[in-house]
Amino acid sequence: MTTPSGLAVTVDRRAAPGGPAHAAFATPGPAGPAVTGIGDPGSLLFAGPPAGAGGGGLDGHLGRWGALPGVDGAGVRALLRASALDGRGGGGFPLARKVETARLAAGRPVVIVNASESEPASRKDRSLCAERPHLVLDGAALVALAIGVDEVVVHLHRSPGSAAPALEAAIVERRRRGLPDPRWRLSAGPDRYVSGESSAVASFVDGGDARPRFTTQPLAVRGPSGGPTVVSNAETVAHLAVLTRIGPDAWGAHGVPSSPGTRLVTVTGAVPHPGRVLELTGPSTIGDALVADGLVAPPAAVLVGGFAGAWVLGDEAWQTPFSRDALRCVGAEPGCGLLGVLPHGACPLVETARIVRYLAGESAGQCGTCVAGLPRLAGACETLASGTLRRRGVRRMSTLGDTVLGSGACGHPDAVVRLVRSMLSVFDDDVARHLAGRPCRGADHPPVFAVPHADLAVGRDDAREWV
Amino acid sequence: MSVRIRIDPILCRGHAICALFFSDGVDLDQWGFGRVAVVDVDSPRDIRRARRAAAACPNGAFVVTERVAAPTAPSGRS
């Protein structure tokens, strides 16, 4: 099958099948587009057996990658700088700068690998931890080395299907084998949307509740423990484990200059396999990823980066490479790598309203403007979707957005406002039709995105849910 | 001498007392929750007002700190 960029899917022409360890990845030169699933030839993080085929074992891992090369803390920091590895949890912040900042700060540093993946539809971090746990643990050990700590916390959400058992088994295997690891601590926190935000994770790991904190200094300068706290996403550290072995240049060549390395994405919504995780190489487009999952033509639109992401029209998304720079051109960010597909015939306003209502209910209930503003914003979206909002209401919505933007201790309210703004600008035709009271083309379409607690009219506010 | 002012949005309960003491340093939203309009305050008169606002906040949400050059580093999700 051919892709929007005209290249065959799941074919990486540089990878030698059955080649020894990582030698096949060492070829320099930029990679062409390729989209691979777990265990497909040409995948990097997901090299090895297919999903559920025991790719998480230590022997298989060492057979594929070999032992970590002898490298000291300064060596890891040099690799981080040379690679420009960006965070894959949503913020995209360079890991090298977090590490350097923590090194300069006073106090005992805390290192946390964030595998909580709060995005309800995202599966990349749990797939990675379940299928390739040793890459995540190798990477975590390297971050500990770079900062000079002897303990790493791996944080997950308590949710059905969590990767905790796979990580536990991997840790036991490593201990038995006597790998030169830091002490591991697995942490399982509440399964709430904002509980995966880095200050919430740091707070929970420090014994507090899993809600974002107001910080006057970055976590990497001073976290809840009083010492610098580095919170890094599971995929980010797995990339560090790979680039330490194959070198930053060979690793970077698997991506594009503005987005080095491969990127994991999860497809959801109107796709053949919602929840499928794919690894994107080179300048692969969003269309390439959707073709790899079985789509043959551009959908109506794609929600890029997460539930609190940005809408991109299908034709445009189809040809947009999934890189930070290319996505910025269409008003989106990689975020957590979620690609939510809206089919032709569904109403984007109805879908957005459902998501905004869910996100309003996922406020941690701490900051007044978020508590007061998000439910009103959700109400306005619902009124718009139902066709009873008038032009004046849209102006009020826009004012409300301005009020909410930047008001919170965390980025949650801002992200919701950006989603609503993206809906209003990308779907201006639909908005005009709804404002005119004309019938909605998607009135009878079943819900596209699986939004948790869609049946709840109000947000959950039980304090016990945060500990 | 200059100070940096911040309002902790988690502690702020919208009493809006800060705005009485330092009206041009604080914006209030429609619910009375405050947001700092200027982050760094230089003039002695404004520094005095900011300190009064901080002392008057019943929740300790209005925070005045001596200005230090902080390294730019991450916030939000990792």
# chains A, B, ... in the order shown; residues from 1 in each chain; ligands from 1
>>> residues_around(residues="Ser225 of chain A", least_positions_apart="6", cutoff="10 Å", atoms="only C-alpha atoms", output="list in words")
Gly107, Arg108, Pro109, Val110, Ala202, Ser203, Val205, Asp206, Gly207 and Leu219 of chain A
>>> interface_residues(of="chain A", to="chain B", cutoff="9 Å", atoms="only C-alpha atoms", output="PyMOL selection string")
chain A and resi 87-95+97-98+101+114+196-199+212-221+230-233+365-369+372+403-404+407-412
>>> select_by_dssp(residues="segment 128-286 of chain A", states="alpha helix (DSSP H)", output="compact mmCIF listing (two decimals) with all heavy atoms, in the first residue's frame")
# COMPACT_ATOMS: atom_id res chain seq x y z
N LEU A 128 4.83 0.69 25.37
CA LEU A 128 6.28 0.67 25.47
C LEU A 128 6.72 -0.03 26.76
O LEU A 128 7.61 -0.89 26.75
CB LEU A 128 6.80 2.11 25.44
CG LEU A 128 8.29 2.32 25.33
CD1 LEU A 128 8.82 1.71 24.04
CD2 LEU A 128 8.62 3.81 25.36
N CYS A 129 6.09 0.32 27.88
CA CYS A 129 6.46 -0.28 29.17
C CYS A 129 6.10 -1.76 29.21
O CYS A 129 6.77 -2.55 29.86
CB CYS A 129 5.77 0.45 30.33
SG CYS A 129 6.42 2.10 30.61
N ALA A 130 5.01 -2.15 28.53
CA ALA A 130 4.60 -3.54 28.54
C ALA A 130 5.44 -4.38 27.58
O ALA A 130 5.81 -5.51 27.89
CB ALA A 130 3.12 -3.67 28.18
N GLU A 131 5.76 -3.81 26.40
CA GLU A 131 6.43 -4.60 25.37
C GLU A 131 7.96 -4.47 25.41
O GLU A 131 8.66 -5.38 25.01
CB GLU A 131 5.92 -4.18 23.98
CG GLU A 131 4.43 -4.49 23.75
CD GLU A 131 4.16 -5.98 23.70
OE1 GLU A 131 5.08 -6.77 23.41
OE2 GLU A 131 3.01 -6.37 23.97
N PRO A 133 10.00 -3.07 28.29
CA PRO A 133 10.27 -2.41 29.59
C PRO A 133 11.75 -2.13 29.83
O PRO A 133 12.08 -1.15 30.49
CB PRO A 133 9.73 -3.43 30.61
CG PRO A 133 9.73 -4.73 29.89
CD PRO A 133 9.44 -4.41 28.44
N HIS A 134 12.62 -2.98 29.27
CA HIS A 134 14.05 -2.79 29.54
C HIS A 134 14.63 -1.55 28.85
O HIS A 134 15.60 -0.99 29.35
CB HIS A 134 14.84 -4.05 29.16
CG HIS A 134 14.55 -5.18 30.10
ND1 HIS A 134 14.99 -5.18 31.41
CD2 HIS A 134 13.85 -6.32 29.93
CE1 HIS A 134 14.57 -6.29 32.01
NE2 HIS A 134 13.88 -7.00 31.14
N LEU A 135 14.02 -1.13 27.74
CA LEU A 135 14.47 0.14 27.14
C LEU A 135 14.15 1.30 28.08
O LEU A 135 14.95 2.20 28.27
CB LEU A 135 13.78 0.36 25.79
CG LEU A 135 14.41 -0.25 24.54
CD1 LEU A 135 13.64 0.22 23.31
CD2 LEU A 135 15.88 0.10 24.42
N VAL A 136 12.94 1.25 28.67
CA VAL A 136 12.53 2.33 29.59
C VAL A 136 13.44 2.31 30.83
O VAL A 136 13.92 3.36 31.27
CB VAL A 136 11.05 2.15 29.99
CG1 VAL A 136 10.64 3.20 31.02
CG2 VAL A 136 10.15 2.24 28.75
N LEU A 137 13.71 1.12 31.36
CA LEU A 137 14.53 1.04 32.57
C LEU A 137 15.99 1.40 32.29
O LEU A 137 16.64 2.07 33.09
CB LEU A 137 14.41 -0.36 33.20
CG LEU A 137 12.99 -0.70 33.70
CD1 LEU A 137 12.92 -2.15 34.16
CD2 LEU A 137 12.56 0.22 34.83
N ASP A 138 16.50 0.97 31.13
CA ASP A 138 17.86 1.39 30.73
C ASP A 138 17.95 2.91 30.68
O ASP A 138 18.89 3.52 31.21
CB ASP A 138 18.20 0.87 29.32
CG ASP A 138 18.68 -0.58 29.31
OD1 ASP A 138 18.84 -1.15 30.41
OD2 ASP A 138 18.88 -1.13 28.20
N GLY A 139 16.96 3.52 30.05
CA GLY A 139 16.96 4.98 29.90
C GLY A 139 16.86 5.66 31.26
O GLY A 139 17.54 6.66 31.52
N ALA A 140 16.03 5.10 32.13
CA ALA A 140 15.87 5.67 33.47
C ALA A 140 17.19 5.59 34.23
O ALA A 140 17.60 6.53 34.92
CB ALA A 140 14.77 4.93 34.22
N ALA A 141 17.89 4.45 34.09
CA ALA A 141 19.19 4.29 34.75
C ALA A 141 20.19 5.31 34.23
O ALA A 141 21.01 5.84 34.99
CB ALA A 141 19.70 2.86 34.54
N LEU A 142 20.12 5.61 32.94
CA LEU A 142 21.04 6.60 32.34
C LEU A 142 20.75 8.01 32.87
O LEU A 142 21.67 8.79 33.13
CB LEU A 142 20.93 6.57 30.81
CG LEU A 142 21.52 5.32 30.15
CD1 LEU A 142 21.07 5.21 28.69
CD2 LEU A 142 23.04 5.33 30.22
N VAL A 143 19.46 8.35 33.04
CA VAL A 143 19.11 9.67 33.59
C VAL A 143 19.63 9.77 35.03
O VAL A 143 20.20 10.79 35.43
CB VAL A 143 17.59 9.92 33.54
CG1 VAL A 143 17.23 11.23 34.23
CG2 VAL A 143 17.09 9.94 32.10
N ALA A 144 19.48 8.68 35.80
CA ALA A 144 19.98 8.66 37.18
C ALA A 144 21.49 8.90 37.19
O ALA A 144 22.02 9.66 38.01
CB ALA A 144 19.64 7.33 37.85
N LEU A 145 22.17 8.27 36.24
CA LEU A 145 23.63 8.42 36.13
C LEU A 145 24.00 9.87 35.79
O LEU A 145 24.92 10.46 36.37
CB LEU A 145 24.11 7.47 35.02
CG LEU A 145 25.60 7.17 34.90
CD1 LEU A 145 26.09 6.49 36.18
CD2 LEU A 145 25.86 6.28 33.68
N ALA A 146 23.24 10.45 34.85
CA ALA A 146 23.54 11.82 34.40
C ALA A 146 23.37 12.82 35.54
O ALA A 146 24.06 13.83 35.59
CB ALA A 146 22.62 12.19 33.24
N ILE A 147 22.42 12.55 36.44
CA ILE A 147 22.15 13.50 37.52
C ILE A 147 22.93 13.13 38.78
O ILE A 147 23.20 13.97 39.63
CB ILE A 147 20.63 13.57 37.78
CG1 ILE A 147 19.94 14.14 36.53
CG2 ILE A 147 20.28 14.42 38.99
CD1 ILE A 147 18.45 14.16 36.60
N ALA A 164 2.29 -1.99 34.98
CA ALA A 164 3.03 -2.26 36.22
C ALA A 164 3.55 -3.71 36.31
O ALA A 164 4.71 -3.92 36.66
CB ALA A 164 2.19 -1.91 37.43
N PRO A 165 2.73 -4.73 35.97
CA PRO A 165 3.25 -6.10 36.08
C PRO A 165 4.48 -6.34 35.19
O PRO A 165 5.44 -6.98 35.62
CB PRO A 165 2.07 -6.96 35.62
CG PRO A 165 0.86 -6.13 35.83
CD PRO A 165 1.29 -4.71 35.61
N ALA A 166 4.46 -5.79 33.97
CA ALA A 166 5.59 -5.97 33.06
C ALA A 166 6.84 -5.29 33.61
O ALA A 166 7.95 -5.84 33.55
CB ALA A 166 5.25 -5.42 31.68
N LEU A 167 6.66 -4.10 34.18
CA LEU A 167 7.81 -3.38 34.73
C LEU A 167 8.35 -4.10 35.96
O LEU A 167 9.56 -4.22 36.15
CB LEU A 167 7.42 -1.94 35.09
CG LEU A 167 7.29 -0.99 33.90
CD1 LEU A 167 6.62 0.31 34.32
CD2 LEU A 167 8.66 -0.70 33.28
N GLU A 168 7.44 -4.60 36.81
CA GLU A 168 7.88 -5.35 38.00
C GLU A 168 8.69 -6.57 37.60
O GLU A 168 9.77 -6.82 38.14
CB GLU A 168 6.66 -5.79 38.82
CG GLU A 168 6.20 -4.74 39.81
CD GLU A 168 4.82 -5.04 40.37
OE1 GLU A 168 4.37 -6.21 40.29
OE2 GLU A 168 4.18 -4.09 40.86
N ALA A 169 8.17 -7.32 36.62
CA ALA A 169 8.88 -8.52 36.17
C ALA A 169 10.25 -8.16 35.61
O ALA A 169 11.26 -8.84 35.87
CB ALA A 169 8.05 -9.26 35.11
N ALA A 170 10.31 -7.06 34.87
CA ALA A 170 11.58 -6.64 34.27
C ALA A 170 12.58 -6.24 35.36
O ALA A 170 13.77 -6.54 35.26
CB ALA A 170 11.34 -5.48 33.31
N ILE A 171 12.09 -5.57 36.40
CA ILE A 171 12.98 -5.14 37.50
C ILE A 171 13.54 -6.36 38.22
O ILE A 171 14.74 -6.43 38.53
CB ILE A 171 12.22 -4.20 38.46
CG1 ILE A 171 12.00 -2.83 37.78
CG2 ILE A 171 12.97 -4.03 39.78
CD1 ILE A 171 11.06 -1.91 38.53
N VAL A 172 12.68 -7.36 38.46
CA VAL A 172 13.13 -8.59 39.13
C VAL A 172 14.21 -9.27 38.29
O VAL A 172 15.25 -9.69 38.81
CB VAL A 172 11.92 -9.55 39.34
CG1 VAL A 172 12.39 -10.93 39.76
CG2 VAL A 172 10.96 -8.96 40.38
N GLU A 173 13.98 -9.34 36.98
CA GLU A 173 14.94 -9.97 36.08
C GLU A 173 16.30 -9.25 36.13
O GLU A 173 17.35 -9.88 36.16
CB GLU A 173 14.39 -9.88 34.65
CG GLU A 173 14.32 -11.21 33.92
CD GLU A 173 13.87 -11.00 32.49
OE1 GLU A 173 13.12 -10.04 32.22
OE2 GLU A 173 14.29 -11.82 31.64
N ARG A 174 16.26 -7.93 36.15
CA ARG A 174 17.50 -7.15 36.17
C ARG A 174 18.25 -7.33 37.47
O ARG A 174 19.48 -7.37 37.49
CB ARG A 174 17.19 -5.65 35.95
CG ARG A 174 16.65 -5.35 34.57
CD ARG A 174 16.08 -3.96 34.51
NE ARG A 174 17.12 -2.94 34.34
CZ ARG A 174 17.50 -2.46 33.15
NH1 ARG A 174 16.93 -2.91 32.05
NH2 ARG A 174 18.43 -1.53 33.06
N ARG A 175 17.49 -7.40 38.58
CA ARG A 175 18.13 -7.61 39.89
C ARG A 175 18.84 -8.95 39.91
O ARG A 175 19.97 -9.07 40.36
CB ARG A 175 17.07 -7.59 41.00
CG ARG A 175 16.81 -6.20 41.50
CD ARG A 175 16.17 -6.22 42.87
NE ARG A 175 15.54 -4.93 43.09
CZ ARG A 175 14.24 -4.76 43.29
NH1 ARG A 175 13.42 -5.79 43.36
NH2 ARG A 175 13.76 -3.55 43.46
N ARG A 176 18.13 -9.98 39.43
CA ARG A 176 18.71 -11.33 39.41
C ARG A 176 19.98 -11.36 38.60
O ARG A 176 20.94 -12.04 38.94
CB ARG A 176 17.71 -12.31 38.79
CG ARG A 176 16.81 -12.90 39.83
CD ARG A 176 16.17 -14.19 39.37
NE ARG A 176 14.98 -14.37 40.18
CZ ARG A 176 13.75 -14.45 39.71
NH1 ARG A 176 13.55 -14.46 38.42
NH2 ARG A 176 12.74 -14.58 40.52
N ARG A 177 19.98 -10.64 37.50
CA ARG A 177 21.11 -10.63 36.59
C ARG A 177 22.24 -9.73 37.09
O ARG A 177 23.33 -9.73 36.55
CB ARG A 177 20.65 -10.18 35.20
CG ARG A 177 21.48 -10.70 34.06
CD ARG A 177 21.33 -12.21 33.89
NE ARG A 177 19.98 -12.58 33.50
CZ ARG A 177 19.57 -12.69 32.24
NH1 ARG A 177 20.39 -12.43 31.26
NH2 ARG A 177 18.35 -13.05 31.97
N SER A 198 3.37 17.04 35.39
CA SER A 198 4.61 16.73 36.11
C SER A 198 4.60 17.20 37.56
O SER A 198 5.10 16.48 38.43
CB SER A 198 5.81 17.28 35.35
OG SER A 198 5.63 18.63 35.05
N SER A 199 4.02 18.37 37.85
CA SER A 199 4.04 18.81 39.26
C SER A 199 3.10 17.93 40.10
O SER A 199 3.35 17.72 41.30
CB SER A 199 3.67 20.29 39.38
OG SER A 199 2.29 20.50 39.15
N ALA A 200 2.04 17.40 39.50
CA ALA A 200 1.13 16.49 40.22
C ALA A 200 1.84 15.17 40.51
O ALA A 200 1.72 14.61 41.60
CB ALA A 200 -0.14 16.25 39.40
N VAL A 201 2.58 14.68 39.52
CA VAL A 201 3.34 13.43 39.70
C VAL A 201 4.39 13.63 40.79
O VAL A 201 4.52 12.80 41.71
CB VAL A 201 4.01 13.01 38.37
CG1 VAL A 201 5.00 11.89 38.60
CG2 VAL A 201 2.95 12.59 37.36
N ALA A 202 5.11 14.75 40.73
CA ALA A 202 6.15 15.03 41.72
C ALA A 202 5.54 15.13 43.11
O ALA A 202 6.10 14.63 44.10
CB ALA A 202 6.89 16.31 41.36
N SER A 203 4.37 15.76 43.21
CA SER A 203 3.70 15.90 44.49
C SER A 203 3.31 14.54 45.05
O SER A 203 3.54 14.23 46.22
CB SER A 203 2.45 16.78 44.30
OG SER A 203 1.58 16.67 45.40
N PHE A 204 2.74 13.68 44.19
CA PHE A 204 2.29 12.35 44.64
C PHE A 204 3.48 11.51 45.09
O PHE A 204 3.44 10.85 46.14
CB PHE A 204 1.54 11.64 43.51
CG PHE A 204 1.00 10.30 43.92
CD1 PHE A 204 -0.16 10.19 44.67
CD2 PHE A 204 1.68 9.13 43.58
CE1 PHE A 204 -0.65 8.96 45.06
CE2 PHE A 204 1.19 7.89 43.96
CZ PHE A 204 0.03 7.80 44.70
N VAL A 205 4.56 11.55 44.32
CA VAL A 205 5.74 10.75 44.66
C VAL A 205 6.34 11.23 45.99
O VAL A 205 6.90 10.44 46.76
CB VAL A 205 6.78 10.84 43.51
CG1 VAL A 205 8.15 10.34 43.94
CG2 VAL A 205 6.28 10.05 42.30
N ALA A 234 8.19 8.30 29.78
CA ALA A 234 8.74 6.96 29.55
C ALA A 234 9.33 6.81 28.14
O ALA A 234 10.41 6.24 27.96
CB ALA A 234 7.66 5.91 29.78
N GLU A 235 8.62 7.35 27.13
CA GLU A 235 9.16 7.24 25.77
C GLU A 235 10.47 8.03 25.64
O GLU A 235 11.41 7.57 24.98
CB GLU A 235 8.14 7.77 24.74
CG GLU A 235 8.63 7.62 23.30
CD GLU A 235 7.82 8.43 22.28
OE1 GLU A 235 6.65 8.76 22.55
OE2 GLU A 235 8.37 8.74 21.21
N THR A 236 10.53 9.18 26.29
CA THR A 236 11.74 10.01 26.22
C THR A 236 12.96 9.22 26.69
O THR A 236 14.00 9.19 26.02
CB THR A 236 11.57 11.27 27.10
OG1 THR A 236 10.30 11.85 26.84
CG2 THR A 236 12.67 12.28 26.82
N VAL A 237 12.85 8.57 27.85
CA VAL A 237 14.02 7.87 28.39
C VAL A 237 14.33 6.62 27.56
O VAL A 237 15.49 6.23 27.44
CB VAL A 237 13.87 7.54 29.90
CG1 VAL A 237 13.70 8.82 30.69
CG2 VAL A 237 12.77 6.55 30.18
N ALA A 238 13.31 5.99 26.96
CA ALA A 238 13.57 4.84 26.09
C ALA A 238 14.42 5.27 24.89
O ALA A 238 15.32 4.55 24.46
CB ALA A 238 12.25 4.22 25.62
N HIS A 239 14.14 6.48 24.36
CA HIS A 239 14.96 7.00 23.27
C HIS A 239 16.41 7.19 23.73
O HIS A 239 17.35 6.93 22.98
CB HIS A 239 14.40 8.32 22.75
CG HIS A 239 13.22 8.16 21.84
ND1 HIS A 239 13.32 7.58 20.60
CD2 HIS A 239 11.92 8.48 21.99
CE1 HIS A 239 12.12 7.56 20.02
NE2 HIS A 239 11.26 8.10 20.86
N LEU A 240 16.57 7.63 25.00
CA LEU A 240 17.93 7.81 25.52
C LEU A 240 18.68 6.47 25.54
O LEU A 240 19.87 6.40 25.22
CB LEU A 240 17.87 8.43 26.93
CG LEU A 240 19.21 8.61 27.64
CD1 LEU A 240 20.17 9.48 26.83
CD2 LEU A 240 18.99 9.22 29.03
N ALA A 241 17.96 5.40 25.89
CA ALA A 241 18.58 4.07 25.92
C ALA A 241 19.06 3.65 24.53
O ALA A 241 20.11 3.03 24.37
CB ALA A 241 17.59 3.04 26.47
N VAL A 242 18.28 4.04 23.50
CA VAL A 242 18.65 3.68 22.13
C VAL A 242 19.80 4.55 21.63
O VAL A 242 20.79 4.05 21.09
CB VAL A 242 17.43 3.79 21.19
CG1 VAL A 242 17.85 3.66 19.74
CG2 VAL A 242 16.39 2.73 21.54
N LEU A 243 19.70 5.86 21.87
CA LEU A 243 20.72 6.75 21.29
C LEU A 243 22.06 6.60 21.99
O LEU A 243 23.10 6.89 21.39
CB LEU A 243 20.23 8.21 21.28
CG LEU A 243 20.18 9.04 22.55
CD1 LEU A 243 21.50 9.76 22.78
CD2 LEU A 243 19.05 10.06 22.46
N THR A 244 22.05 6.12 23.23
CA THR A 244 23.31 5.85 23.91
C THR A 244 24.03 4.70 23.21
O THR A 244 25.26 4.64 23.17
CB THR A 244 23.04 5.48 25.38
OG1 THR A 244 22.41 6.59 26.01
CG2 THR A 244 24.32 5.16 26.13
N ARG A 245 23.26 3.78 22.64
CA ARG A 245 23.87 2.62 21.97
C ARG A 245 24.26 2.90 20.52
O ARG A 245 25.32 2.50 20.08
CB ARG A 245 22.92 1.43 22.03
CG ARG A 245 22.83 0.84 23.42
CD ARG A 245 21.70 -0.15 23.45
NE ARG A 245 21.79 -1.04 24.58
CZ ARG A 245 20.93 -1.02 25.61
NH1 ARG A 245 19.96 -0.13 25.64
NH2 ARG A 245 21.05 -1.88 26.59
N ILE A 246 23.38 3.58 19.78
CA ILE A 246 23.68 3.74 18.36
C ILE A 246 24.30 5.10 18.05
O ILE A 246 24.70 5.36 16.92
CB ILE A 246 22.44 3.49 17.46
CG1 ILE A 246 21.39 4.61 17.63
CG2 ILE A 246 21.81 2.14 17.77
CD1 ILE A 246 20.18 4.46 16.71
N PRO A 248 24.03 9.56 18.92
CA PRO A 248 23.00 10.58 18.68
C PRO A 248 22.76 10.85 17.20
O PRO A 248 21.63 11.14 16.81
CB PRO A 248 23.52 11.83 19.39
CG PRO A 248 24.87 11.52 19.89
CD PRO A 248 25.14 10.05 19.76
N ASP A 249 23.80 10.74 16.36
CA ASP A 249 23.61 11.05 14.95
C ASP A 249 22.75 10.01 14.26
O ASP A 249 21.79 10.34 13.55
CB ASP A 249 24.96 11.17 14.23
CG ASP A 249 25.76 12.36 14.72
OD1 ASP A 249 25.13 13.26 15.35
OD2 ASP A 249 26.98 12.40 14.52
N ALA A 250 23.09 8.73 14.48
CA ALA A 250 22.31 7.66 13.85
C ALA A 250 20.88 7.68 14.38
O ALA A 250 19.92 7.48 13.63
CB ALA A 250 22.96 6.31 14.12
N TRP A 251 20.74 7.95 15.70
CA TRP A 251 19.39 8.03 16.28
C TRP A 251 18.61 9.18 15.67
O TRP A 251 17.47 9.03 15.24
CB TRP A 251 19.49 8.18 17.80
CG TRP A 251 18.18 8.45 18.44
CD1 TRP A 251 17.23 7.54 18.77
CD2 TRP A 251 17.66 9.74 18.83
NE1 TRP A 251 16.14 8.18 19.32
CE2 TRP A 251 16.39 9.53 19.37
CE3 TRP A 251 18.16 11.04 18.76
CZ2 TRP A 251 15.60 10.57 19.85
CZ3 TRP A 251 17.38 12.08 19.22
CH2 TRP A 251 16.10 11.84 19.77
N GLY A 252 19.25 10.37 15.61
CA GLY A 252 18.59 11.56 15.09
C GLY A 252 18.15 11.38 13.65
O GLY A 252 17.11 11.89 13.23
N ILE A 286 0.91 12.44 9.00
CA ILE A 286 -0.24 11.91 9.74
C ILE A 286 -0.98 10.92 8.84
O ILE A 286 -1.43 9.86 9.29
CB ILE A 286 -1.15 13.07 10.19
CG1 ILE A 286 -0.42 13.87 11.28
CG2 ILE A 286 -2.50 12.57 10.69
CD1 ILE A 286 -1.13 15.15 11.71
>>> atom_distance(atom1="atom CA of Ser195 of chain A", atom2="atom CA of Ser116 of chain A")
8.1 Å
>>> residues_around(residues="Val420 of chain A", least_positions_apart="6", cutoff="9 Å", atoms="only C-alpha atoms", output="list in words")
Ala308, Ala310, Thr352, Ala353, Val356, Leu377, Cys381 and Gly401 of chain A
>>> write_last_selection(atoms="N, CA and C atoms", output="PDB file, in the first residue's frame")
ATOM      1  N   ALA A 308      -6.914  17.393  24.691  1.00  0.00           N
ATOM      2  CA  ALA A 308      -6.758  18.841  24.789  1.00  0.00           C
ATOM      3  C   ALA A 308      -5.763  19.302  23.726  1.00  0.00           C
ATOM      4  N   ALA A 310      -5.313  20.000  19.201  1.00  0.00           N
ATOM      5  CA  ALA A 310      -5.833  20.942  18.211  1.00  0.00           C
ATOM      6  C   ALA A 310      -6.417  20.166  17.034  1.00  0.00           C
ATOM      7  N   THR A 352     -16.370  17.866  20.068  1.00  0.00           N
ATOM      8  CA  THR A 352     -15.589  18.773  20.901  1.00  0.00           C
ATOM      9  C   THR A 352     -16.329  19.062  22.206  1.00  0.00           C
ATOM     10  N   ALA A 353     -17.631  19.260  22.117  1.00  0.00           N
ATOM     11  CA  ALA A 353     -18.408  19.554  23.324  1.00  0.00           C
ATOM     12  C   ALA A 353     -18.301  18.408  24.335  1.00  0.00           C
ATOM     13  N   VAL A 356     -14.798  18.605  25.834  1.00  0.00           N
ATOM     14  CA  VAL A 356     -14.644  19.755  26.743  1.00  0.00           C
ATOM     15  C   VAL A 356     -15.383  19.492  28.059  1.00  0.00           C
ATOM     16  N   LEU A 377     -17.565  27.035  29.904  1.00  0.00           N
ATOM     17  CA  LEU A 377     -17.074  26.838  28.544  1.00  0.00           C
ATOM     18  C   LEU A 377     -17.700  25.574  27.936  1.00  0.00           C
ATOM     19  N   CYS A 381     -20.124  25.240  24.649  1.00  0.00           N
ATOM     20  CA  CYS A 381     -19.872  24.320  23.534  1.00  0.00           C
ATOM     21  C   CYS A 381     -21.089  23.442  23.276  1.00  0.00           C
ATOM     22  N   GLY A 401     -12.841  32.485  27.260  1.00  0.00           N
ATOM     23  CA  GLY A 401     -11.556  31.860  26.965  1.00  0.00           C
ATOM     24  C   GLY A 401     -10.395  32.746  27.379  1.00  0.00           C
TER      25      GLY A 401
END
>>> select_by_dssp(residues="segment 242-333 of chain A", states="strand (DSSP E)", output="NGL selection string")
:A and (263-269 or 276-281 or 301-304 or 310-313)
>>> atom_distance(atom1="atom CA of Thr268 of chain A", atom2="atom CA of Gly287 of chain A")
13.5 Å
>>> decode(residues="segment 385-416 of chain A", atoms="C-alpha atoms", output="CSV table (one decimal), in the first residue's frame")
chain,number,residue,atom,x,y,z
A,385,ALA,CA,-23.5,22.0,19.2
A,386,SER,CA,-27.2,21.8,19.9
A,387,GLY,CA,-27.8,24.7,17.5
A,388,THR,CA,-29.3,27.1,20.1
A,389,LEU,CA,-26.3,29.5,20.6
A,390,ARG,CA,-26.4,32.8,18.8
A,391,ARG,CA,-23.6,35.1,17.5
A,392,ARG,CA,-23.5,36.9,20.9
A,393,GLY,CA,-22.9,33.7,22.7
A,394,VAL,CA,-19.8,33.0,20.6
A,395,ARG,CA,-18.4,36.4,21.6
A,396,ARG,CA,-19.0,35.6,25.2
A,397,MET,CA,-17.3,32.2,24.7
A,398,SER,CA,-14.3,34.0,23.3
A,399,THR,CA,-14.2,36.4,26.3
A,400,LEU,CA,-14.5,33.5,28.7
A,401,GLY,CA,-11.6,31.9,27.0
A,402,ASP,CA,-9.4,35.0,27.4
A,403,THR,CA,-10.3,35.0,31.1
A,404,VAL,CA,-9.5,31.3,31.7
A,405,LEU,CA,-6.3,31.4,29.6
A,406,GLY,CA,-3.2,31.4,31.9
A,407,SER,CA,-5.3,31.5,35.1
A,408,GLY,CA,-4.3,28.1,36.5
A,409,ALA,CA,-1.4,26.6,38.4
A,410,CYS,CA,-1.1,24.0,35.6
A,411,GLY,CA,-1.8,24.2,31.9
A,412,HIS,CA,-5.1,22.3,32.0
A,413,PRO,CA,-7.4,25.3,31.6
A,414,ASP,CA,-5.2,26.7,28.8
A,415,ALA,CA,-5.3,23.5,26.9
A,416,VAL,CA,-9.1,23.4,27.0
